[in-house]
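Student: Here it is, the structure in full.
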2 protein chains.
Amino acid sequence: MRTPEGEVAAVSESGEFQRSSSHFTDRITAGGAGGGGRDGQWPVEAGRYRLVVSRACPWASRALVVRRLLGLEEALSLAVTDPIQDERSWRFTLDPDDRDPVLGIRFLGEAYQAREPGYDGGISVPAIVDVPSGELVTNDYQRLTLDLSTEWGPLHRDGAPELYPEALRDEIDERMEGIYQDVNNGVYRAGFAGGQEAYDAAYARLFARLDQVSEHLAERRYLVGDTITEADVRLFTTLVRFDAVYHGHFKCNRNKLTEDRVLWAYARDLFQTPGFGDTVDFDHIKRHYYQVHQDINPTRIVPRGPDLRGWRTAHHRQELGGRPFGDGTPPPPPPTAEVIQPL
Amino acid sequence: MRTPEGEVAAVSESGEFQRSSSHFTDRITAGGAGGGGRDGQWPVEAGRYRLVVSRACPWASRALVVRRLLGLEEALSLAVTDPIQDERSWRFTLDPDDRDPVLGIRFLGEAYQAREPGYDGGISVPAIVDVPSGELVTNDYQRLTLDLSTEWGPLHRDGAPELYPEALRDEIDERMEGIYQDVNNGVYRAGFAGGQEAYDAAYARLFARLDQVSEHLAERRYLVGDTITEADVRLFTTLVRFDAVYHGHFKCNRNKLTEDRVLWAYARDLFQTPGFGDTVDFDHIKRHYYQVHQDINPTRIVPRGPDLRGWRTAHHRQELGGRPFGDGTPPPPPPTAEVIQPL
């Protein structure tokens, strides 16, 4: 099976959803000038690469947030796919002539083919494509955002926050790992479970972890330290989809996010922080999940709810202290071409 | 198509769900002694009839509540079906030998056949069966409970409330009609809509009506007058299923019931009133909807949520005044055989 984001995944004999790892794991690095990509290292270079995302996808949305926070909009251009894939997967049907204006392709899969002719695996976002060659560089969503923080430093905006500071990496990695297993990927394990038992197990782990995280955040503004880090970005992209999609569509329905006082305030705080909420397109999110995964929503009807206006309400998290951007500053508003219709 | 309760229904060309009316509309009446059923009138008689319900079904649950409130448990015995129908519809698989001990039948459909040999229409609950002949008397869920109030008077318990008092009938009927169209049946119109447009229309009507009802109940304890009436019973059986089923499964997800302060307190007030909550089996409700309607839940996985413990929390509606049972009294606890495992 494919996940809605296009990754290859499987359901085991016991009905458990298993996500396979990314296929293309080259890296764009500060020291990657040598091999021109052929040794798995590509050079950081302003204007050379194109980030391809779906705004529906939580994994791609990590890259959207990090790119905004670090001010990489000009250095790393953006292609946004239609939230609804067809049998050829992610497509550029939101662009004139159904074609990405920079890469000149109609389907993201063409960049995969350019990289590996005959490739017949999953086609997933986020993806970074080398514009001169048209080749896919990486679809490694776990590594991609960390490299934007640690390798793209010279291209960061003035005042960019440190999202993956060396002194806190062990703690960030540990938090992210538990949240990945039980929450980021946990909602998929619940939603795509092949049977009741696998679903029940995923549900139990999901809410146990959310309870733990909620307790952790009750007296702390952010997951690690007193500023925004990569860990917050990764938790955010799941939480922002929770009530709109995971609660109903994936049966993660012990309670809505809005019913957890701490997590709801935490998520709103981030949503209202420049670089987070301004990347979120609830229309893309809802249409994607409900229309693509016909195995669990055969009617393809998209629910009109929930009422999303609460995302803009006061969260009072600033009373906990914390300095969102540390010694840095918030990013300016997004480029006009990337502005999303507000709620 | 059949609804989960077994009624025949259709989806129109425009995708709108249309419930057909009940097929067997005989009545059991105080003056019905004459025709022995053959003129459409059957006599009220203690011990003669058997009420067949599914505890999953909101229409049948009206009869469960009214029977309890009026104290008809001894006069009108009860058969409870398995919440999951098979291809022969409602079945008595919860009973020893998979057979109703009083009627001696394995499927409710046998009583339909006894009444009309060769009948091939829908088989629905609630149903009342004449025990001596084994024949179905009525499956007219709209009329059935009214007759329990107005025709079965001599068999009511001492202190039974007046659920359909003559002086208030016009107002009760009017309230019930709007709630039936937009809420009781409205959730089905949303959940079984054949397309986005029909769903959107049902959703809009549902929440517009709920908003209106919520406003109406903000300063009044009950829908009509200052005591419980049939109108409250009918609204209750939909509200009690709202978060457990309709919110997710039927995509009625603007908000949960728990998010509407007034309706949530109103529903809890009724739930905690003897005769209401003690008829509710959330296990039957959830398994029925999620497992029977594979058109909208092909995995048949039953969500573990929502957390239902809130139903027992304080509602403070007594501060609005009102006398739940008027000059009457609450019913005693249900017969031992009918006690449901508490939440």
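Order determines the names: the first chain of the structure tokens is A, the second B, and so forth; residues in each chain are numbered 1 upward, and ligands are numbered 1 upward as they are shown.
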Chain A residues within 12 Å of chain B, counting only C-alpha atoms: which ones, as a VMD selection string?
Tutor: chain A and resid 15 190 to 204 207 243 to 256 258 to 259 287 290 to 291 293 to 310
Student: Using C-alpha atoms, can you export the residues from the last selection as a short mmCIF file (atom, residue, chain, number, x, y, z; two decimals), in the first residue's frame?
Tutor:
```
data_model
loop_
_atom_site.label_atom_id
_atom_site.label_comp_id
_atom_site.auth_asym_id
_atom_site.auth_seq_id
_atom_site.Cartn_x
_atom_site.Cartn_y
_atom_site.Cartn_z
CA GLY A 15 -2.67 -5.71 10.97
CA ALA A 190 -4.31 4.01 14.23
CA GLY A 191 -5.91 5.17 11.00
CA PHE A 192 -4.44 2.53 8.73
CA ALA A 193 -4.58 -0.37 11.16
CA GLY A 194 -5.65 -3.55 9.45
CA GLY A 195 -7.70 -4.74 12.41
CA GLN A 196 -9.19 -3.86 15.76
CA GLU A 197 -6.25 -5.08 17.82
CA ALA A 198 -3.61 -3.11 15.95
CA TYR A 199 -5.82 -0.05 16.09
CA ASP A 200 -6.42 -0.42 19.82
CA ALA A 201 -2.70 -0.69 20.45
CA ALA A 202 -1.91 2.40 18.38
CA TYR A 203 -4.68 4.37 20.09
CA ALA A 204 -3.41 3.42 23.53
CA PHE A 207 -2.93 8.94 24.01
CA ASP A 243 -9.14 17.73 15.09
CA ALA A 244 -9.48 18.41 11.38
CA VAL A 245 -8.45 14.93 10.31
CA TYR A 246 -7.00 12.47 12.80
CA HIS A 247 -9.80 12.68 15.36
CA GLY A 248 -12.48 11.44 12.97
CA HIS A 249 -10.78 10.04 9.87
CA PHE A 250 -8.12 8.11 11.80
CA LYS A 251 -10.39 7.35 14.79
CA CYS A 252 -8.04 9.08 17.26
CA ASN A 253 -11.07 10.14 19.21
CA ARG A 254 -10.52 9.82 22.93
CA ASN A 255 -10.70 13.58 22.92
CA LYS A 256 -10.17 16.47 20.55
CA THR A 258 -9.29 21.39 21.96
CA GLU A 259 -10.24 19.28 24.99
CA ARG A 287 -9.40 17.45 1.01
CA TYR A 290 -10.65 12.54 3.07
CA GLN A 291 -10.51 12.30 -0.71
CA HIS A 293 -7.78 7.51 1.20
CA GLN A 294 -10.87 5.84 -0.14
CA ASP A 295 -10.07 2.66 1.76
CA ILE A 296 -11.27 4.37 4.91
CA ASN A 297 -13.56 7.03 3.40
CA PRO A 298 -15.14 5.48 0.32
CA THR A 299 -17.64 8.30 -0.18
CA ARG A 300 -14.80 10.86 -0.48
CA ILE A 301 -17.08 13.33 1.27
CA VAL A 302 -15.09 15.99 3.15
CA PRO A 303 -16.53 16.93 6.54
CA ARG A 304 -17.37 20.60 6.93
CA GLY A 305 -16.23 20.64 10.54
CA PRO A 306 -14.61 21.30 12.82
CA ASP A 307 -15.04 24.98 13.52
CA LEU A 308 -11.45 26.22 13.23
CA ARG A 309 -11.86 29.74 14.49
CA GLY A 310 -10.49 28.79 17.89
#
```
Student: Contacts of segment 138-154 of chain A at 8 Å or less, counting only C-alpha atoms, minus same-chain residues fewer than 5 places along, as a PDB file with N, CA, C and O atoms, in the first residue's frame?
Tutor:
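What follows is the written file selection39.pdb:
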```
ATOM      1  N   SER A  22      12.674   6.312   3.871  1.00  0.00           N
ATOM      2  CA  SER A  22      12.815   7.038   2.613  1.00  0.00           C
ATOM      3  C   SER A  22      13.833   6.337   1.725  1.00  0.00           C
ATOM      4  O   SER A  22      14.761   5.692   2.189  1.00  0.00           O
ATOM      5  N   HIS A  23      13.674   6.524   0.433  1.00  0.00           N
ATOM      6  CA  HIS A  23      14.524   5.814  -0.513  1.00  0.00           C
ATOM      7  C   HIS A  23      15.744   6.628  -0.902  1.00  0.00           C
ATOM      8  O   HIS A  23      16.830   6.097  -1.081  1.00  0.00           O
ATOM      9  N   PHE A  24      15.586   7.913  -1.042  1.00  0.00           N
ATOM     10  CA  PHE A  24      16.686   8.773  -1.512  1.00  0.00           C
ATOM     11  C   PHE A  24      17.204   9.607  -0.359  1.00  0.00           C
ATOM     12  O   PHE A  24      16.533  10.504   0.122  1.00  0.00           O
ATOM     13  N   THR A  25      18.397   9.287   0.068  1.00  0.00           N
ATOM     14  CA  THR A  25      18.883   9.883   1.311  1.00  0.00           C
ATOM     15  C   THR A  25      20.157  10.704   1.106  1.00  0.00           C
ATOM     16  O   THR A  25      20.945  10.862   2.025  1.00  0.00           O
ATOM     17  N   ASP A  26      20.364  11.195  -0.116  1.00  0.00           N
ATOM     18  CA  ASP A  26      21.458  12.154  -0.304  1.00  0.00           C
ATOM     19  C   ASP A  26      21.237  13.348   0.605  1.00  0.00           C
ATOM     20  O   ASP A  26      20.113  13.608   1.041  1.00  0.00           O
ATOM     21  N   ARG A  27      22.326  14.066   0.834  1.00  0.00           N
ATOM     22  CA  ARG A  27      22.215  15.252   1.685  1.00  0.00           C
ATOM     23  C   ARG A  27      22.801  16.472   0.978  1.00  0.00           C
ATOM     24  O   ARG A  27      23.731  16.354   0.188  1.00  0.00           O
ATOM     25  N   ILE A  28      22.210  17.619   1.293  1.00  0.00           N
ATOM     26  CA  ILE A  28      22.771  18.889   0.824  1.00  0.00           C
ATOM     27  C   ILE A  28      23.526  19.468   2.011  1.00  0.00           C
ATOM     28  O   ILE A  28      22.931  19.766   3.049  1.00  0.00           O
ATOM     29  N   THR A  29      24.852  19.581   1.866  1.00  0.00           N
ATOM     30  CA  THR A  29      25.667  19.932   3.029  1.00  0.00           C
ATOM     31  C   THR A  29      26.632  21.070   2.705  1.00  0.00           C
ATOM     32  O   THR A  29      26.969  21.316   1.534  1.00  0.00           O
ATOM     33  N   ALA A  30      27.054  21.707   3.787  1.00  0.00           N
ATOM     34  CA  ALA A  30      28.005  22.820   3.643  1.00  0.00           C
ATOM     35  C   ALA A  30      29.289  22.351   2.969  1.00  0.00           C
ATOM     36  O   ALA A  30      29.884  23.054   2.163  1.00  0.00           O
ATOM     37  N   VAL A  44      25.397  23.116  -0.643  1.00  0.00           N
ATOM     38  CA  VAL A  44      24.432  24.173  -0.352  1.00  0.00           C
ATOM     39  C   VAL A  44      24.684  25.310  -1.332  1.00  0.00           C
ATOM     40  O   VAL A  44      25.825  25.724  -1.529  1.00  0.00           O
ATOM     41  N   TRP A  59       4.694  15.681   7.098  1.00  0.00           N
ATOM     42  CA  TRP A  59       6.144  15.541   6.958  1.00  0.00           C
ATOM     43  C   TRP A  59       6.685  16.681   6.099  1.00  0.00           C
ATOM     44  O   TRP A  59       7.724  17.274   6.406  1.00  0.00           O
ATOM     45  N   ALA A  60       5.987  16.991   5.018  1.00  0.00           N
ATOM     46  CA  ALA A  60       6.399  18.109   4.183  1.00  0.00           C
ATOM     47  C   ALA A  60       6.233  19.427   4.924  1.00  0.00           C
ATOM     48  O   ALA A  60       7.009  20.365   4.739  1.00  0.00           O
ATOM     49  N   ARG A  62       6.743  20.095   7.977  1.00  0.00           N
ATOM     50  CA  ARG A  62       7.911  20.407   8.799  1.00  0.00           C
ATOM     51  C   ARG A  62       8.873  21.304   8.018  1.00  0.00           C
ATOM     52  O   ARG A  62       9.408  22.272   8.546  1.00  0.00           O
ATOM     53  N   ALA A  63       9.115  20.928   6.759  1.00  0.00           N
ATOM     54  CA  ALA A  63      10.059  21.690   5.936  1.00  0.00           C
ATOM     55  C   ALA A  63       9.519  23.084   5.641  1.00  0.00           C
ATOM     56  O   ALA A  63      10.277  24.058   5.602  1.00  0.00           O
ATOM     57  N   VAL A  66      10.178  25.112   8.893  1.00  0.00           N
ATOM     58  CA  VAL A  66      11.603  25.369   9.129  1.00  0.00           C
ATOM     59  C   VAL A  66      12.137  26.373   8.100  1.00  0.00           C
ATOM     60  O   VAL A  66      12.890  27.295   8.438  1.00  0.00           O
ATOM     61  N   ARG A  67      11.746  26.198   6.850  1.00  0.00           N
ATOM     62  CA  ARG A  67      12.165  27.142   5.797  1.00  0.00           C
ATOM     63  C   ARG A  67      11.721  28.560   6.125  1.00  0.00           C
ATOM     64  O   ARG A  67      12.477  29.520   5.953  1.00  0.00           O
ATOM     65  N   LEU A  70      13.698  29.946   9.275  1.00  0.00           N
ATOM     66  CA  LEU A  70      15.102  30.256   8.981  1.00  0.00           C
ATOM     67  C   LEU A  70      15.250  31.300   7.874  1.00  0.00           C
ATOM     68  O   LEU A  70      16.370  31.734   7.576  1.00  0.00           O
ATOM     69  N   SER A 124       7.136  10.484  -2.693  1.00  0.00           N
ATOM     70  CA  SER A 124       6.674  11.163  -1.487  1.00  0.00           C
ATOM     71  C   SER A 124       7.172  12.589  -1.404  1.00  0.00           C
ATOM     72  O   SER A 124       8.155  12.977  -2.041  1.00  0.00           O
ATOM     73  N   VAL A 125       6.479  13.373  -0.615  1.00  0.00           N
ATOM     74  CA  VAL A 125       6.912  14.714  -0.229  1.00  0.00           C
ATOM     75  C   VAL A 125       7.220  14.686   1.255  1.00  0.00           C
ATOM     76  O   VAL A 125       6.643  13.867   1.982  1.00  0.00           O
ATOM     77  N   PRO A 126       8.109  15.544   1.724  1.00  0.00           N
ATOM     78  CA  PRO A 126       8.847  16.570   1.007  1.00  0.00           C
ATOM     79  C   PRO A 126       9.922  15.959   0.121  1.00  0.00           C
ATOM     80  O   PRO A 126      10.443  14.881   0.404  1.00  0.00           O
ATOM     81  N   ALA A 127      10.235  16.691  -0.953  1.00  0.00           N
ATOM     82  CA  ALA A 127      11.313  16.287  -1.843  1.00  0.00           C
ATOM     83  C   ALA A 127      12.104  17.531  -2.203  1.00  0.00           C
ATOM     84  O   ALA A 127      11.527  18.614  -2.334  1.00  0.00           O
ATOM     85  N   ILE A 128      13.411  17.373  -2.329  1.00  0.00           N
ATOM     86  CA  ILE A 128      14.220  18.483  -2.843  1.00  0.00           C
ATOM     87  C   ILE A 128      14.779  18.057  -4.192  1.00  0.00           C
ATOM     88  O   ILE A 128      15.326  16.951  -4.333  1.00  0.00           O
ATOM     89  N   VAL A 129      14.593  18.929  -5.185  1.00  0.00           N
ATOM     90  CA  VAL A 129      15.009  18.633  -6.550  1.00  0.00           C
ATOM     91  C   VAL A 129      16.119  19.616  -6.951  1.00  0.00           C
ATOM     92  O   VAL A 129      16.048  20.809  -6.638  1.00  0.00           O
ATOM     93  N   GLU A 162      17.891  29.183  16.409  1.00  0.00           N
ATOM     94  CA  GLU A 162      18.612  27.906  16.376  1.00  0.00           C
ATOM     95  C   GLU A 162      17.614  26.802  16.688  1.00  0.00           C
ATOM     96  O   GLU A 162      17.201  26.631  17.842  1.00  0.00           O
ATOM     97  N   LEU A 163      17.240  26.043  15.689  1.00  0.00           N
ATOM     98  CA  LEU A 163      16.199  25.027  15.896  1.00  0.00           C
ATOM     99  C   LEU A 163      16.772  23.688  16.347  1.00  0.00           C
ATOM    100  O   LEU A 163      16.026  22.820  16.817  1.00  0.00           O
ATOM    101  N   TYR A 164      18.078  23.522  16.196  1.00  0.00           N
ATOM    102  CA  TYR A 164      18.683  22.232  16.545  1.00  0.00           C
ATOM    103  C   TYR A 164      20.051  22.508  17.193  1.00  0.00           C
ATOM    104  O   TYR A 164      21.087  22.050  16.702  1.00  0.00           O
ATOM    105  N   GLU A 230      13.329  22.206  16.695  1.00  0.00           N
ATOM    106  CA  GLU A 230      12.817  21.226  15.728  1.00  0.00           C
ATOM    107  C   GLU A 230      11.763  20.308  16.364  1.00  0.00           C
ATOM    108  O   GLU A 230      10.813  19.891  15.694  1.00  0.00           O
TER     109      GLU A 230
END
```
Student: Near segment 313-323 of chain A, counting only C-alpha atoms, which residues have an atom at most 9 Å away, once you skip same-chain residues fewer than 6 positions from it, shown as a ChimeraX atom specification?
Tutor: /A:219-222,225-228,264-269
Student: Let's have the selection written as a PDB file, in the first residue's frame, with C-alpha atoms.
Tutor:
```
ATOM      1  CA  GLU A 219       4.746  24.305  33.119  1.00  0.00           C
ATOM      2  CA  ARG A 220       7.091  24.680  30.115  1.00  0.00           C
ATOM      3  CA  ARG A 221       6.359  26.742  27.059  1.00  0.00           C
ATOM      4  CA  TYR A 222       8.326  24.527  24.644  1.00  0.00           C
ATOM      5  CA  GLY A 225      14.765  24.483  26.552  1.00  0.00           C
ATOM      6  CA  ASP A 226      12.910  27.793  26.510  1.00  0.00           C
ATOM      7  CA  THR A 227      12.845  28.438  22.763  1.00  0.00           C
ATOM      8  CA  ILE A 228      11.287  26.842  19.704  1.00  0.00           C
ATOM      9  CA  TRP A 264      -4.458  23.092  22.817  1.00  0.00           C
ATOM     10  CA  ALA A 265      -2.860  26.227  24.256  1.00  0.00           C
ATOM     11  CA  TYR A 266       0.595  25.011  23.202  1.00  0.00           C
ATOM     12  CA  ALA A 267      -0.586  24.326  19.648  1.00  0.00           C
ATOM     13  CA  ARG A 268      -2.333  27.698  19.401  1.00  0.00           C
ATOM     14  CA  ASP A 269       0.780  29.447  20.693  1.00  0.00           C
TER      15      ASP A 269
END
```
Student: Going by DSSP on the backbone, which bits of segment 15-114 of chain A are alpha helix (DSSP H)? Write them as a PyMOL selection string, please.
Tutor: chain A and resi 58-70+109-114
Student: Residues as selected, all heavy atoms, written as a compact mmCIF listing (two decimals), in the first residue's frame, can you do that?
Tutor:
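Once written, part.txt looks like this:
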```txt
# COMPACT_ATOMS: atom_id res chain seq x y z
N PRO A 58 1.98 16.25 6.74
CA PRO A 58 2.66 16.71 7.96
C PRO A 58 4.17 16.65 7.83
O PRO A 58 4.88 17.47 8.42
CB PRO A 58 2.16 15.75 9.03
CG PRO A 58 1.75 14.52 8.30
CD PRO A 58 1.24 15.00 6.96
N TRP A 59 4.69 15.68 7.10
CA TRP A 59 6.14 15.54 6.96
C TRP A 59 6.69 16.68 6.10
O TRP A 59 7.72 17.27 6.41
CB TRP A 59 6.51 14.19 6.35
CG TRP A 59 5.68 13.05 6.87
CD1 TRP A 59 4.68 12.40 6.23
CD2 TRP A 59 5.75 12.46 8.18
NE1 TRP A 59 4.13 11.43 7.03
CE2 TRP A 59 4.76 11.44 8.24
CE3 TRP A 59 6.53 12.70 9.32
CZ2 TRP A 59 4.55 10.66 9.38
CZ3 TRP A 59 6.33 11.92 10.44
CH2 TRP A 59 5.35 10.92 10.47
N ALA A 60 5.99 16.99 5.02
CA ALA A 60 6.40 18.11 4.18
C ALA A 60 6.23 19.43 4.92
O ALA A 60 7.01 20.36 4.74
CB ALA A 60 5.59 18.12 2.89
N SER A 61 5.23 19.49 5.78
CA SER A 61 4.95 20.75 6.46
C SER A 61 6.04 21.10 7.48
O SER A 61 6.25 22.28 7.78
CB SER A 61 3.58 20.68 7.13
OG SER A 61 2.58 20.59 6.13
N ARG A 62 6.74 20.10 7.98
CA ARG A 62 7.91 20.41 8.80
C ARG A 62 8.87 21.30 8.02
O ARG A 62 9.41 22.27 8.55
CB ARG A 62 8.69 19.13 9.12
CG ARG A 62 7.98 18.13 9.96
CD ARG A 62 8.86 16.90 10.03
NE ARG A 62 8.33 15.89 10.94
CZ ARG A 62 8.94 14.76 11.21
NH1 ARG A 62 10.11 14.47 10.63
NH2 ARG A 62 8.41 13.90 12.05
N ALA A 63 9.12 20.93 6.76
CA ALA A 63 10.06 21.69 5.94
C ALA A 63 9.52 23.08 5.64
O ALA A 63 10.28 24.06 5.60
CB ALA A 63 10.34 20.94 4.63
N LEU A 64 8.21 23.19 5.46
CA LEU A 64 7.61 24.51 5.23
C LEU A 64 7.85 25.43 6.42
O LEU A 64 8.19 26.60 6.26
CB LEU A 64 6.10 24.36 4.99
CG LEU A 64 5.66 23.92 3.60
CD1 LEU A 64 4.17 23.56 3.61
CD2 LEU A 64 5.92 25.05 2.59
N VAL A 65 7.66 24.90 7.61
CA VAL A 65 7.83 25.72 8.82
C VAL A 65 9.29 26.09 9.01
O VAL A 65 9.63 27.26 9.24
CB VAL A 65 7.29 24.97 10.07
CG1 VAL A 65 7.62 25.76 11.34
CG2 VAL A 65 5.79 24.73 9.96
N VAL A 66 10.18 25.11 8.89
CA VAL A 66 11.60 25.37 9.13
C VAL A 66 12.14 26.37 8.10
O VAL A 66 12.89 27.30 8.44
CB VAL A 66 12.39 24.05 9.10
CG1 VAL A 66 13.90 24.31 9.06
CG2 VAL A 66 12.02 23.20 10.32
N ARG A 67 11.75 26.20 6.85
CA ARG A 67 12.16 27.14 5.80
C ARG A 67 11.72 28.56 6.13
O ARG A 67 12.48 29.52 5.95
CB ARG A 67 11.56 26.67 4.46
CG ARG A 67 11.76 27.60 3.26
CD ARG A 67 11.21 26.90 2.02
NE ARG A 67 11.10 27.79 0.87
CZ ARG A 67 10.04 28.53 0.60
NH1 ARG A 67 8.98 28.53 1.40
NH2 ARG A 67 10.02 29.30 -0.48
N ARG A 68 10.51 28.71 6.62
CA ARG A 68 10.00 30.03 7.01
C ARG A 68 10.78 30.58 8.21
O ARG A 68 11.19 31.74 8.22
CB ARG A 68 8.51 29.94 7.39
CG ARG A 68 7.56 29.87 6.22
CD ARG A 68 7.17 31.24 5.70
NE ARG A 68 6.49 32.04 6.70
CZ ARG A 68 6.80 33.29 7.02
NH1 ARG A 68 7.81 33.90 6.42
NH2 ARG A 68 6.11 33.96 7.94
N LEU A 69 10.95 29.75 9.23
CA LEU A 69 11.60 30.24 10.45
C LEU A 69 13.03 30.69 10.16
O LEU A 69 13.50 31.69 10.71
CB LEU A 69 11.61 29.15 11.53
CG LEU A 69 10.24 28.74 12.09
CD1 LEU A 69 10.40 27.55 13.05
CD2 LEU A 69 9.56 29.91 12.81
N LEU A 70 13.70 29.95 9.28
CA LEU A 70 15.10 30.26 8.98
C LEU A 70 15.25 31.30 7.87
O LEU A 70 16.37 31.73 7.58
CB LEU A 70 15.85 28.97 8.58
CG LEU A 70 15.86 27.86 9.64
CD1 LEU A 70 16.58 26.63 9.11
CD2 LEU A 70 16.50 28.35 10.94
N GLY A 109 6.96 12.73 -9.86
CA GLY A 109 7.58 11.47 -10.24
C GLY A 109 8.61 11.63 -11.36
O GLY A 109 9.54 10.82 -11.48
N GLU A 110 8.46 12.67 -12.17
CA GLU A 110 9.43 12.89 -13.25
C GLU A 110 10.82 13.18 -12.69
O GLU A 110 11.84 12.82 -13.28
CB GLU A 110 8.95 14.02 -14.17
CG GLU A 110 7.67 13.66 -14.91
CD GLU A 110 7.10 14.86 -15.68
OE1 GLU A 110 7.80 15.41 -16.54
OE2 GLU A 110 5.94 15.25 -15.41
N ALA A 111 10.88 13.86 -11.56
CA ALA A 111 12.18 14.13 -10.93
C ALA A 111 12.78 12.85 -10.34
O ALA A 111 14.00 12.66 -10.31
CB ALA A 111 12.03 15.19 -9.85
N TYR A 112 11.91 11.96 -9.89
CA TYR A 112 12.39 10.66 -9.41
C TYR A 112 12.97 9.85 -10.57
O TYR A 112 14.00 9.20 -10.45
CB TYR A 112 11.24 9.88 -8.76
CG TYR A 112 10.90 10.27 -7.32
CD1 TYR A 112 10.39 11.54 -7.02
CD2 TYR A 112 11.07 9.37 -6.27
CE1 TYR A 112 10.07 11.88 -5.71
CE2 TYR A 112 10.74 9.71 -4.96
CZ TYR A 112 10.24 10.96 -4.69
OH TYR A 112 9.91 11.30 -3.40
N GLN A 113 12.27 9.91 -11.70
CA GLN A 113 12.74 9.19 -12.89
C GLN A 113 14.07 9.76 -13.40
O GLN A 113 14.94 9.02 -13.85
CB GLN A 113 11.71 9.26 -14.02
CG GLN A 113 10.46 8.44 -13.76
CD GLN A 113 10.73 6.95 -13.60
OE1 GLN A 113 11.64 6.39 -14.24
NE2 GLN A 113 10.00 6.29 -12.71
N ALA A 114 14.18 11.11 -13.33
CA ALA A 114 15.42 11.74 -13.77
C ALA A 114 16.59 11.26 -12.91
O ALA A 114 17.71 11.07 -13.38
CB ALA A 114 15.29 13.26 -13.71
```
Student: Atom CA of Ala208 of chain B to atom CA of Thr229 of chain B: how many Å, to one decimal?
Tutor: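 Value for the atom CA of Ala208 of chain B-atom CA of Thr229 of chain B distance: 22.7 Å.
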Student: Using atom CA of Gly71 of chain A and atom CA of Val53 of chain A as the two end points, give the distance in Å to one decimal.
Tutor: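 Going from atom CA of Gly71 of chain A over to atom CA of Val53 of chain A, I get 16.9 Å.
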Student: Go ahead and compute the interatomic distance for atom CA of Pro332 of chain B and atom CA of Pro274 of chain B, in Å to one decimal.
Tutor: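 Computing the Euclidean distance for atom CA of Pro332 of chain B and atom CA of Pro274 of chain B yields 7.4 Å.
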Student: Write out as a list of chain:residue names each polymer residue whose atoms come within 12 Å of Gln212 of chain A, counting only C-alpha atoms; drop sequence neighbours fewer than 4 positions from it.
Tutor: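 In the requested format, the answer is A:Arg175, A:Gly178, A:Ile179, A:Asp182, A:Val183, A:Arg205, A:Leu206, A:Phe207, A:Ala208, A:His216, A:Leu217, A:Ala218, A:Leu223, A:Asp260, A:Val262, A:Leu263.
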Student: Would you put the residues from that selection into a file with N, CA and C atoms, as a CSV table (one decimal), in the first residue's frame?
Tutor:
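Dumped everything to result-v3.csv:
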```csv
chain,number,residue,atom,x,y,z
A,175,ARG,N,13.2,13.3,22.6
A,175,ARG,CA,11.8,13.8,22.6
A,175,ARG,C,11.2,13.4,21.2
A,178,GLY,N,10.3,9.6,20.6
A,178,GLY,CA,9.0,9.1,21.2
A,178,GLY,C,7.8,9.7,20.6
A,179,ILE,N,7.9,10.9,20.2
A,179,ILE,CA,6.7,11.6,19.6
A,179,ILE,C,6.6,11.1,18.2
A,182,ASP,N,4.9,7.4,18.5
A,182,ASP,CA,3.6,7.3,19.1
A,182,ASP,C,2.6,8.3,18.6
A,183,VAL,N,3.1,9.4,18.1
A,183,VAL,CA,2.2,10.5,17.7
A,183,VAL,C,2.3,10.8,16.2
A,205,ARG,N,-1.2,3.8,22.7
A,205,ARG,CA,0.2,4.4,22.7
A,205,ARG,C,0.1,5.9,22.4
A,206,LEU,N,-0.8,6.3,21.5
A,206,LEU,CA,-0.9,7.7,21.1
A,206,LEU,C,-1.4,8.5,22.3
A,207,PHE,N,-2.4,8.1,22.9
A,207,PHE,CA,-2.9,8.9,24.0
A,207,PHE,C,-2.1,8.9,25.3
A,208,ALA,N,-1.4,7.8,25.5
A,208,ALA,CA,-0.5,7.7,26.6
A,208,ALA,C,0.7,8.7,26.4
A,216,HIS,N,4.3,17.3,30.5
A,216,HIS,CA,5.6,18.0,30.3
A,216,HIS,C,5.4,19.4,30.0
A,217,LEU,N,4.4,19.7,29.2
A,217,LEU,CA,4.3,21.1,28.7
A,217,LEU,C,3.4,22.0,29.6
A,218,ALA,N,2.9,21.4,30.7
A,218,ALA,CA,2.0,22.2,31.6
A,218,ALA,C,2.7,23.4,32.2
A,223,LEU,N,9.0,22.3,24.1
A,223,LEU,CA,9.4,20.9,24.5
A,223,LEU,C,10.8,20.8,25.1
A,260,ASP,N,-7.8,19.1,25.4
A,260,ASP,CA,-6.6,19.1,26.3
A,260,ASP,C,-6.1,20.5,26.5
A,262,VAL,N,-3.8,22.0,28.0
A,262,VAL,CA,-2.3,22.3,27.8
A,262,VAL,C,-1.9,22.2,26.3
A,263,LEU,N,-2.2,21.1,25.7
A,263,LEU,CA,-1.8,20.9,24.3
A,263,LEU,C,-2.5,21.8,23.4
```
Student: Which residues come within 8 Å of Arg50 of chain A, counting only C-alpha atoms, excluding same-chain residues fewer than 5 positions away, as a PyMOL selection string?
Tutor: chain A and resi 76-79+128-131
